[in-house]
Amino acid sequence: MNSIVKAFSHSGALANIIEGYSPRQAQTDMAVAVGKAIDEQASLIVEAGTGTGKTFAYLIPAFLSANTQYTQGANPADKKRIIVSTGTKNLQEQLFHKDIPLVKKALASNVQVALLKGRANYLCRYRLAQYQQTRGQLDANMLSDLVKVQVWANSTQAGDIGELVNVQEDSAIFPYVTSTLDNCLARDCPDYEQCYLVKAREKAIGADLVVVNHHLFFADMALKDTGFGELIPKGQVIIFDEAHQISDIASEYFGQSFSTRKLVDLCSDVLQIYRSSLTDVKQLAKAAEKLQRTSQEFRLLFNYDPERGNWRDKVKQAQVQQKFMALKTELDFLYQVIKLCVSRNEAIDNCFERVVTLLTQFDVMTNVEQIGLSFWYETTPKHVVLHQTPLTVADKFSTYVKDSGAGWVFTSATLAVDNTFEHFSNHLGLYDAEKLLLDSPFDYQAQSQLIVPRYLPQANDQNRALSLAELAYPLVKASNGACLMLFTSYRVMNQVAEHLTQLISEHAESNESNDNNESNINSIQHEVLVQGQMGKRKLLEQFVENEQVVLLATSSFWEGIDVRGNKLTCVIIDKLPFASPDDPLLQARCDDVKRQGGDPFARIQLPQAVIALKQGVGRLIRDVNDKGVMVICDDRLVNRPYGQVFLKSLPDMKRSRDLAKAEEFLSHIK
């Protein structure tokens with residue numbers, strides 16, 4: 001442990017490489033606890049408040065443990081491979097390209113590092129070649145993107161589609177030029193030796209530290225659970241950053257699903273094979289087109305807007321049941337046709353395996369009376385996904401942790417609820433883990449102000465959106481546009497955006513019409529940016545780079561956004577982020593708690609909302625020099641007993657109910 005403490009000292013490794021570095025006791029305490037968990041192959045849960053420096057606090061002991069294998073006389077059997085899992089691909093890349101090189105340099109380390117993403121992030125050379133032959137089936141936008149992919153494919157070394165900066169992240173071309181577990185030909189692929197995914201996995205196998213993301217980690221865990229191969233090499237140290245996300249992700253991968261997207265993708269590939277190499281089997285096209293059409297008709301039985309619902313209830317509707325069984329009929333027909341073509345080429349053999357898998361998944365979704373499981377559906381603009389999800393993963397995950405013989409570290413800025421880890425540890429079965437709660441080093445009393453406004457209309461009031469816009473306008477003006485508004489629904493976000501844009505426009509016109517008014521000189525022309533107008537990354541760039549821009553967002557902007565200084569001095573949250581009571585998975589979990597005689601609100605709904613609110617509040621103060629105002633437009637914080645649970649879980653900000661104090665505070669920020 002001495003080497004860990006020394007690394008974080010005034011004259012240590014970090015101080016030698018980071019200008020202005022100063023030791024933080026909380027950071028050192030966390031690093032020592034991480035080192036202990038690694039040495040003892042134990043589990044550690046640690047909440048490290050914003051500004052603690054948790055990334056270095058787990059990387060330094062991880063690197064030091066991996067470094068031992070390079071010391072003279074080291075026993076090869078003592079080699080420790082470290083797996084670091086992050087919440088998003090963006091965090092993966094930040095770790096790999098920024099934080100890890102810094103630590104390597106600071107420690108003069110020889111540790112070998114690899115970045116590994118899911119297969120959908122890598123170009124599939126075989127599928128690109130296949131769709132180049134049938135480009136006539138693509139629309140104009142997809143064809144344009146395909147040309148860009150082809151140009152990039154001639155020069156890329158890693159095949160990581162994240163390199164494609166001139167193609168939108170959600171481009172429809174990507175499913176055609178990347179592979180899935182279903183359509184990958186594996187060793188039967190003619191391009192296997194040049195496969196970018198295979199190369200990335202080979203590099204990971206040879207590395208001492210591998211950076212992955214939570215979805216890939218649990219996809220790998222689920223794959224091993226079925227007795228098939230692995231995506232990620234075995235690790236002796238497992239570190240989860242942004243660990244508050246993993247319970248829901250684990251549930252998703254320990255369940256099963258059946259989607260019309262998989263059906264349509266299968267049909268698309270069958271049609272491509274028919275046109276390029278099996279033109280003599282006319283029934284292939286007929287069967288694929290019929291299943292494709294039935295899949296689209298099935299989607300039309302659901303609401304136009306994306307939604308979630310209870311599949312047990314939905315499948316009882318006569319029309320839904322009839323069309324669902326029609327899917328089975330068409331899938332059976334395609335199975336019979338493809339069966340006649342087996343062994344003619346690798347591609348059609350792969351399609352046969354996919355049909356068999358889809359038939360099995362279909363049967364899972366018909367047996368909806370099983371207990372301990374939630375059956376639910378979600379829709380996208382074009383597809384329906386049916387899910388079977390276990391209500392708890394505690395037993396399975398805790399067994400996996402115990403049997404691994406590894407040291408496990410779970411860290412985030414938001415794990416505790418009312419200063420306890422019970423909610424997090426119980427969901428994952430981590431009952432024996434060591435626990436550490438570290439406060440942020442920021443002086444929230446001096447740096448921030450928390451406002452809970454009075455007299456706002458209730459959430460279901462038709463005037464609510466207008467009132468929120470009227471509340472926001474003076475704060476937007478006082479912060480000079482350095483304002484982020486976070487919402488719990490797209491509907492309210494878009495309503496407020498419309499009202500706020502109108503208010504800004506009216507005030508600007510009023511100032512312009514009064515030539516003698518001095519305020520005309522300082523009149524504001526704020527731009528309102530709304531999530532959905534462009535990609536998340538581009539939206540955030542616009543917000544940071546441009547003056548007098550206010551950003552309205554939901555869901556994904558509640559966490560992982562790091563805007564420092566005067567670019568963000570005001571965050572407004574429309575209401576406490578309780579999950580929708582109509583969410584089918586939440587309903588199933590609540591019903592399960594009721595059957596056990598528990599209180600679902602206290603055990604599930606409240607803790608989830610507290611952690612979500614902590615994430616949103618964490619967007620405001622990101623640095624010791626940051627100052628700002630947090631406005632939470634929900635008086636349940638002060639007039640409901642459970643409001644105290646929220647307040648005790650939030651940073652210790654100076655509190656008020658007077659909006660004028662918010663404007664005053666913002667006016668003093670330089």
# chains A, B, ... in the order shown; residues from 1 in each chain; ligands from 1
>>> residues_around(residues="range 209-212 of chain A", least_positions_apart="3", cutoff="8 Å", atoms="only C-alpha atoms", output="PyMOL selection string")
chain A and resi 81-86+92+95-96+111-117+204+216-217
>>> residues_around(residues="Leu486 in chain A", least_positions_apart="4", cutoff="12 Å", atoms="only C-alpha atoms", output="JSON, numbers by chain")
{"A": [468, 472, 490, 492, 493, 494, 496, 497, 530, 531, 550, 551, 552, 553, 554, 555, 556, 557, 558, 559, 561, 570, 571, 572, 573, 574, 575, 576, 577, 612, 613, 615, 616, 617, 618, 619, 620, 630, 631, 632, 633]}
>>> residues_around(residues="Ala326 in chain A", least_positions_apart="3", cutoff="10 Å", atoms="only C-alpha atoms", output="compact mmCIF listing (two decimals) with C-alpha atoms, in the first residue's frame")
# COMPACT_ATOMS: atom_id res chain seq x y z
CA LEU A 291 -42.15 -12.39 -43.46
CA THR A 294 -45.96 -9.46 -41.81
CA SER A 295 -43.30 -7.97 -39.48
CA PHE A 298 -47.27 -6.45 -36.66
CA VAL A 320 -52.19 -8.86 -31.80
CA GLN A 321 -52.40 -12.58 -31.09
CA GLN A 322 -53.54 -13.29 -34.64
CA LYS A 323 -50.73 -11.30 -36.26
CA THR A 329 -46.38 -19.17 -39.81
CA GLU A 330 -44.19 -17.05 -42.11
CA LEU A 331 -41.07 -17.86 -40.10
CA ASP A 332 -41.84 -21.58 -40.42
>>> closest_atom_pairs(of="range 187-245 of chain A", to="range 390-405 of chain A", cutoff="10 Å", atoms="only C-alpha atoms", output="CSV")
residue,atom,partner,partner_atom,distance
A:Met221,CA,A:Tyr400,CA,8.9
A:Asp225,CA,A:Tyr400,CA,9.6
A:Lys234,CA,A:Ser404,CA,8.9
A:Gly235,CA,A:Ser404,CA,8.6
A:Gln236,CA,A:Gly405,CA,7.0
A:Val237,CA,A:Gly405,CA,9.0
A:Ile238,CA,A:Val401,CA,9.7
>>> residues_around(residues="Asn546 in chain A", least_positions_apart="3", cutoff="10 Å", atoms="only C-alpha atoms", output="list in words")
Gly481, Ala482, Glu527, Glu541, Gln542, Phe543, Val549, Val550 and Lys567 of chain A
>>> select_by_dssp(residues="range 539-582 of chain A", states="strand (DSSP E or B)", output="PyMOL selection string")
chain A and resi 549-554+570-573
>>> residues_around(residues="range 305-313 of chain A", least_positions_apart="6", cutoff="12 Å", atoms="only C-alpha atoms", output="MDAnalysis selection string")
chainID A and resid 257:258 299 320:321 324 365:371 373:389 490:491 580:588
>>> atom_distance(atom1="CA of Gly255 in chain A", atom2="CA of Ala287 in chain A")
29.4 Å
>>> residues_around(residues="Ala42 in chain A", least_positions_apart="3", cutoff="7 Å", atoms="only C-alpha atoms", output="PDB file with N, CA and C atoms, in the first residue's frame")
ATOM      1  N   ALA A  37      -8.715  -4.413  -2.169  1.00  0.00           N
ATOM      2  CA  ALA A  37      -9.662  -5.320  -2.835  1.00  0.00           C
ATOM      3  C   ALA A  37      -8.953  -6.174  -3.887  1.00  0.00           C
ATOM      4  N   ILE A  38      -7.998  -5.565  -4.607  1.00  0.00           N
ATOM      5  CA  ILE A  38      -7.243  -6.304  -5.625  1.00  0.00           C
ATOM      6  C   ILE A  38      -6.377  -7.376  -4.967  1.00  0.00           C
ATOM      7  N   GLY A 407     -10.740  -9.770  -7.880  1.00  0.00           N
ATOM      8  CA  GLY A 407     -11.079  -8.602  -7.077  1.00  0.00           C
ATOM      9  C   GLY A 407     -12.043  -7.745  -7.870  1.00  0.00           C
ATOM     10  N   TRP A 408     -13.139  -7.302  -7.240  1.00  0.00           N
ATOM     11  CA  TRP A 408     -14.183  -6.537  -7.931  1.00  0.00           C
ATOM     12  C   TRP A 408     -14.322  -5.162  -7.292  1.00  0.00           C
TER      13      TRP A 408
END
>>> residues_around(residues="Lys339 in chain A", least_positions_apart="3", cutoff="12 Å", atoms="only C-alpha atoms", output="list of chain:residue names")
A:Val281, A:Gln283, A:Leu284, A:Asp332, A:Phe333, A:Leu334, A:Tyr335, A:Gln336, A:Val342, A:Ser343, A:Arg344, A:Ile348, A:Asp349, A:Asn350, A:Cys351, A:Phe352, A:Glu353, A:Arg354, A:Val355, A:Val356
>>> atom_distance(atom1="CA of Gln27 in chain A", atom2="CA of Asp241 in chain A")
14.8 Å
